[in-house]
Amino acid sequence: MQKSAEVGAAPLLRARGISVEVPGSRSGVLRRRGGAVRVLDRLSLDVGAGDLVWLVGAPGSGVVQAAAVLSGRLAPTAGGLDFEGLPVAGLGRRQRAAVRRQVVGLDADVEPGLDPKRTATAIVATALAGSARSVGPEQLQRARQLLAELGVPVERFETPVADLDDAEARLIAAARTVANAPRLVIYRPWPTDVGSGLDRDPVLAALRRLRVESATALVVVSELLPLDLSPGDRALVVCGGRLVEVLPAADMRHPLHPYTLTLLAPDAAEPAYDDGAVPAARAAALDVLHDAGCPFRSGCPRAKAPCARMPHLERPLGATHDVACHFPEDPRGPTTPRAPGTGAGVAAATAGEPEEGDEPTAREFAQG
Ligand code: SF4
């Protein structure tokens, strides 16, 4: 594999306009061509060594397909991937296998495929050694260390997988995936872990440690916008298969796109949703897609005639990040920063009764 130094500043992984079409028909489709449904539309992104990128979108937004393409488990219909500046499609078999070892997918929603007769220690040690026959004390020790880091109870290390519960099996699958310190992990948490539950996800915590120790890059798929990121982290918001907003860590509590506002975690907006629906569920209900226009058009409180055309991703005047919306939230508006959970900024944004005939802001709409 060619080293990145030889190709200058090429990112670890680059997605070049990847699209995914699937056969069949269902509601909420992006577009049809010969019966095919496009669920991901020309997504481009770069992931550098040590990056943390969140792919954020409600169910059906296309983020799951994007993650599958990035991890090599799904071939895109159009576009492609570059690894360290080289098109993956043009690599030989051995080089592609090397890329697959360095860019791995970890999907908590997929059956991990563990041998039910084997123990957690044996499975992870085998991954470390390359084969069961090569396992030695060093691999066994490292396997136990990894399992402990991921929160597998010590008394379960030597239990056959058949006697473990689903959560334990997922942790073992995660340990096996990261055993050889891949350079990029595309992680899709268990659906119930999204949002604030991710703070307690032991797999994500372990991946973050791996990132610090080994500069392993992470792409995390989430239904809700993450709130507390470190400088340099970013979130890419996908609606109807299209990239609609790119938020740096500092702007995570101040999205500009009406769709992104529906993806704010419940503790990021007050008053709470009075119908009890989580934001992602609400966004999914609104996620009716259009052929050429903005994919959020039918659910958007700001939609007007120009929204029949898909807006470009660009930076509005006064904003510090890019958004694809003809009528984004005003970045100079009264959405002042606030401490987590206080809702002070939102209160400032919504204080006072709107005058009759006033159009609700996208943020007010998202808050119900
Ligand atoms: S204002 Fe228009 S372009 Fe912006 S999200 Fe709403 S429908 Fe889409």
# chains A, B, ... in the order shown; residues from 1 in each chain; ligands from 1

$ residues_around --residues "Ser61 (chain A)" --least-positions-apart "3" --cutoff "7 Å" --atoms "only C-alpha atoms" --output "MDAnalysis selection string"
chainID A and resid 57:58 238:241

$ write_last_selection --atoms "N, CA and C atoms" --output "tab-separated table (two decimals), in the first residue's frame"
chain	number	residue	atom	x	y	z
A	57	GLY	N	-28.52	11.58	10.37
A	57	GLY	CA	-29.74	11.60	9.57
A	57	GLY	C	-30.78	10.69	10.18
A	58	ALA	N	-32.04	11.05	9.97
A	58	ALA	CA	-33.15	10.23	10.47
A	58	ALA	C	-33.18	8.91	9.69
A	238	VAL	N	-27.43	14.51	6.62
A	238	VAL	CA	-27.95	14.00	5.36
A	238	VAL	C	-29.46	13.92	5.44
A	239	CYS	N	-30.12	14.46	4.44
A	239	CYS	CA	-31.59	14.41	4.36
A	239	CYS	C	-31.95	13.95	2.95
A	240	GLY	N	-32.77	12.94	2.86
A	240	GLY	CA	-33.18	12.46	1.54
A	240	GLY	C	-32.00	12.08	0.66
A	241	GLY	N	-30.96	11.52	1.27
A	241	GLY	CA	-29.80	11.08	0.50
A	241	GLY	C	-28.85	12.19	0.13

$ residues_near_ligand --ligand "ligand 1" --cutoff "10 Å" --atoms "only C-alpha atoms and all ligand atoms" --output "JSON, numbers by chain"
{"A": [239, 244, 256, 257, 258, 259, 260, 293, 294, 295, 296, 297, 298, 299, 300, 301, 302, 303, 304, 305, 306, 307, 308, 309, 310, 311, 312, 323, 324, 325, 326, 327, 328, 329, 362]}

$ select_by_dssp --residues "region 145-237 of chain A" --states "strand (DSSP E)" --output "list in words"
Leu184, Val185, Ile186, Tyr187, Arg188, Ala217, Leu218, Val219, Val220, Val221, Ser222, Arg234, Ala235, Leu236 and Val237 of chain A

$ select_by_dssp --residues "region 8-207 of chain A" --states "helix (DSSP H, G or I)" --output "PyMOL selection string"
chain A and resi 63-70+88-90+93-102+120-129+132-134+137-149+154-156+161-163+166-178+191-193+195-200+202-207

$ closest_residue --among "A:Met252, A:Ala217, A:Val53, A:Leu43" --to "Val178 (chain A)" --atoms "only C-alpha atoms"
A:Ala217

$ residues_around --residues "Leu114 (chain A)" --least-positions-apart "4" --cutoff "10 Å" --atoms "only C-alpha atoms" --output "ChimeraX atom specification"
/A:118-120,123,161-162,169-170,172-173,176

$ atom_distance --atom1 "CA of Thr159 (chain A)" --atom2 "CA of Ala129 (chain A)"
20.2 Å

$ atom_distance --atom1 "CA of Arg42 (chain A)" --atom2 "CA of Glu21 (chain A)"
11.0 Å

$ closest_residue --among "A:Thr262, A:Thr320, A:Thr177, A:Thr77" --to "Pro23 (chain A)" --atoms "only C-alpha atoms"
A:Thr77

$ closest_residue --among "A:Pro116, A:Arg242, A:Ser44, A:Glu138" --to "Ala292 (chain A)" --atoms "only C-alpha atoms"
A:Arg242

$ residues_around --residues "Leu40 (chain A)" --least-positions-apart "6" --cutoff "12 Å" --atoms "only C-alpha atoms" --output "compact mmCIF listing (two decimals) with N, CA, C and O atoms, in the first residue's frame"
# COMPACT_ATOMS: atom_id res chain seq x y z
N GLY A 17 -18.47 11.76 -4.60
CA GLY A 17 -19.80 11.77 -5.20
C GLY A 17 -20.49 10.43 -5.23
O GLY A 17 -21.03 10.02 -6.26
N ILE A 18 -20.50 9.73 -4.10
CA ILE A 18 -21.09 8.39 -4.12
C ILE A 18 -22.62 8.45 -4.11
O ILE A 18 -23.24 9.20 -3.37
N SER A 19 -23.21 7.64 -4.98
CA SER A 19 -24.66 7.49 -5.04
C SER A 19 -24.98 6.01 -4.87
O SER A 19 -24.19 5.14 -5.24
N VAL A 20 -26.14 5.76 -4.32
CA VAL A 20 -26.62 4.37 -4.17
C VAL A 20 -28.05 4.31 -4.66
O VAL A 20 -28.90 5.12 -4.24
N GLU A 21 -28.31 3.39 -5.55
CA GLU A 21 -29.68 3.13 -5.98
C GLU A 21 -30.03 1.70 -5.61
O GLU A 21 -29.20 0.81 -5.67
N VAL A 22 -31.27 1.52 -5.23
CA VAL A 22 -31.73 0.18 -4.88
C VAL A 22 -32.97 -0.12 -5.71
O VAL A 22 -33.73 0.78 -6.06
N VAL A 29 -39.30 8.11 -1.57
CA VAL A 29 -38.14 7.85 -2.39
C VAL A 29 -37.57 9.15 -2.92
O VAL A 29 -38.25 10.16 -3.00
N LEU A 30 -36.30 9.11 -3.27
CA LEU A 30 -35.67 10.31 -3.80
C LEU A 30 -35.99 10.47 -5.28
O LEU A 30 -36.44 11.49 -5.73
N ARG A 31 -35.74 9.45 -6.04
CA ARG A 31 -36.09 9.52 -7.46
C ARG A 31 -36.03 8.11 -8.03
O ARG A 31 -35.38 7.21 -7.49
N GLY A 57 -28.52 11.58 10.37
CA GLY A 57 -29.74 11.60 9.57
C GLY A 57 -30.78 10.69 10.18
O GLY A 57 -30.46 9.70 10.84
N GLY A 60 -33.93 6.31 7.07
CA GLY A 60 -34.32 6.52 5.68
C GLY A 60 -33.63 7.68 5.00
O GLY A 60 -33.84 7.96 3.83
N SER A 61 -32.72 8.35 5.73
CA SER A 61 -32.05 9.52 5.16
C SER A 61 -30.93 9.15 4.19
O SER A 61 -30.51 9.98 3.39
N GLY A 62 -30.42 7.93 4.29
CA GLY A 62 -29.31 7.51 3.44
C GLY A 62 -28.00 7.34 4.20
O GLY A 62 -27.02 6.88 3.62
N VAL A 63 -27.98 7.69 5.49
CA VAL A 63 -26.70 7.59 6.22
C VAL A 63 -26.26 6.14 6.39
O VAL A 63 -25.06 5.85 6.40
N VAL A 64 -27.20 5.23 6.49
CA VAL A 64 -26.83 3.81 6.66
C VAL A 64 -26.16 3.31 5.38
O VAL A 64 -25.12 2.62 5.43
N GLN A 65 -26.71 3.69 4.24
CA GLN A 65 -26.09 3.28 2.97
C GLN A 65 -24.72 3.95 2.81
O GLN A 65 -23.77 3.34 2.32
N ALA A 66 -24.62 5.20 3.24
CA ALA A 66 -23.33 5.89 3.15
C ALA A 66 -22.27 5.15 3.97
O ALA A 66 -21.14 4.94 3.51
N ALA A 67 -22.66 4.74 5.17
CA ALA A 67 -21.72 4.01 6.03
C ALA A 67 -21.32 2.69 5.40
O ALA A 67 -20.15 2.28 5.46
N ALA A 68 -22.28 2.02 4.78
CA ALA A 68 -21.97 0.73 4.15
C ALA A 68 -21.01 0.89 2.98
O ALA A 68 -20.11 0.07 2.77
N VAL A 69 -21.16 1.97 2.23
CA VAL A 69 -20.23 2.23 1.11
C VAL A 69 -18.84 2.55 1.65
O VAL A 69 -17.83 2.00 1.19
N LEU A 74 -20.83 -2.15 0.63
CA LEU A 74 -21.84 -1.87 -0.39
C LEU A 74 -21.15 -1.11 -1.52
O LEU A 74 -20.47 -0.12 -1.28
N ALA A 75 -21.33 -1.62 -2.74
CA ALA A 75 -20.73 -0.94 -3.89
C ALA A 75 -21.63 0.23 -4.30
O ALA A 75 -22.84 0.05 -4.43
N PRO A 76 -21.06 1.41 -4.48
CA PRO A 76 -21.90 2.55 -4.90
C PRO A 76 -22.35 2.37 -6.34
O PRO A 76 -21.66 1.73 -7.14
N THR A 77 -23.49 2.95 -6.65
CA THR A 77 -23.98 2.93 -8.03
C THR A 77 -23.17 3.90 -8.88
O THR A 77 -22.96 3.67 -10.07
N ALA A 78 -22.75 4.99 -8.28
CA ALA A 78 -21.91 5.97 -8.98
C ALA A 78 -20.94 6.56 -7.98
O ALA A 78 -21.16 6.50 -6.77
N GLY A 79 -19.85 7.15 -8.49
CA GLY A 79 -18.84 7.71 -7.61
C GLY A 79 -17.92 6.61 -7.09
O GLY A 79 -18.02 5.45 -7.51
N VAL A 238 -27.43 14.51 6.62
CA VAL A 238 -27.95 14.00 5.36
C VAL A 238 -29.46 13.92 5.44
O VAL A 238 -30.02 13.41 6.41
N CYS A 239 -30.12 14.46 4.44
CA CYS A 239 -31.59 14.41 4.36
C CYS A 239 -31.95 13.95 2.95
O CYS A 239 -31.47 14.54 1.97
N GLY A 240 -32.77 12.94 2.86
CA GLY A 240 -33.18 12.46 1.54
C GLY A 240 -32.00 12.08 0.66
O GLY A 240 -32.04 12.29 -0.55
N GLY A 241 -30.96 11.52 1.27
CA GLY A 241 -29.80 11.08 0.50
C GLY A 241 -28.85 12.19 0.13
O GLY A 241 -27.84 11.95 -0.52
N ARG A 242 -29.15 13.41 0.56
CA ARG A 242 -28.31 14.55 0.17
C ARG A 242 -27.68 15.22 1.39
O ARG A 242 -28.33 15.34 2.44
N LEU A 243 -26.47 15.69 1.19
CA LEU A 243 -25.79 16.42 2.25
C LEU A 243 -26.41 17.81 2.35
O LEU A 243 -26.41 18.56 1.38
N LEU A 289 -39.51 12.89 0.06
CA LEU A 289 -38.46 13.37 -0.82
C LEU A 289 -38.99 13.77 -2.19
O LEU A 289 -40.05 13.36 -2.61
N PRO A 295 -35.04 18.08 -0.41
CA PRO A 295 -35.67 16.85 0.07
C PRO A 295 -36.54 17.05 1.31
O PRO A 295 -37.34 16.18 1.65

$ residues_around --residues "Ala319 (chain A)" --least-positions-apart "5" --cutoff "10 Å" --atoms "only C-alpha atoms" --output "JSON list (two decimals) with N, CA, C and O atoms, in the first residue's frame"
[["chain", "number", "residue", "atom", "x", "y", "z"],
["A", 251, "ASP", "N", -20.40, 24.73, 16.26],
["A", 251, "ASP", "CA", -21.74, 25.14, 15.81],
["A", 251, "ASP", "C", -22.79, 24.08, 16.08],
["A", 251, "ASP", "O", -23.93, 24.22, 15.62],
["A", 256, "LEU", "N", -28.38, 25.53, 11.12],
["A", 256, "LEU", "CA", -29.07, 26.53, 10.32],
["A", 256, "LEU", "C", -30.14, 25.91, 9.42],
["A", 256, "LEU", "O", -30.99, 26.62, 8.90],
["A", 314, "GLU", "N", -23.65, 26.01, 0.73],
["A", 314, "GLU", "CA", -22.84, 27.22, 0.76],
["A", 314, "GLU", "C", -22.96, 27.90, 2.12],
["A", 314, "GLU", "O", -23.82, 27.53, 2.94],
["A", 329, "GLU", "N", -31.90, 29.24, 8.88],
["A", 329, "GLU", "CA", -31.98, 30.01, 10.12],
["A", 329, "GLU", "C", -30.98, 31.16, 10.02],
["A", 329, "GLU", "O", -29.88, 31.01, 9.48],
["A", 330, "ASP", "N", -31.34, 32.32, 10.52],
["A", 330, "ASP", "CA", -30.45, 33.47, 10.44],
["A", 330, "ASP", "C", -29.27, 33.27, 11.40],
["A", 330, "ASP", "O", -29.46, 33.22, 12.61],
["A", 331, "PRO", "N", -28.05, 33.14, 10.86],
["A", 331, "PRO", "CA", -26.91, 32.91, 11.75],
["A", 331, "PRO", "C", -26.64, 34.08, 12.67],
["A", 331, "PRO", "O", -25.95, 33.96, 13.67],
["A", 332, "ARG", "N", -27.18, 35.26, 12.34],
["A", 332, "ARG", "CA", -26.97, 36.44, 13.20],
["A", 332, "ARG", "C", -28.14, 36.62, 14.16],
["A", 332, "ARG", "O", -28.22, 37.60, 14.88]]

$ atom_distance --atom1 "CA of Val221 (chain A)" --atom2 "CA of Ala250 (chain A)"
19.3 Å

$ closest_residue --among "A:Leu86, A:Leu227, A:Leu313, A:Ala174" --to "His254 (chain A)" --atoms "only C-alpha atoms"
A:Leu227
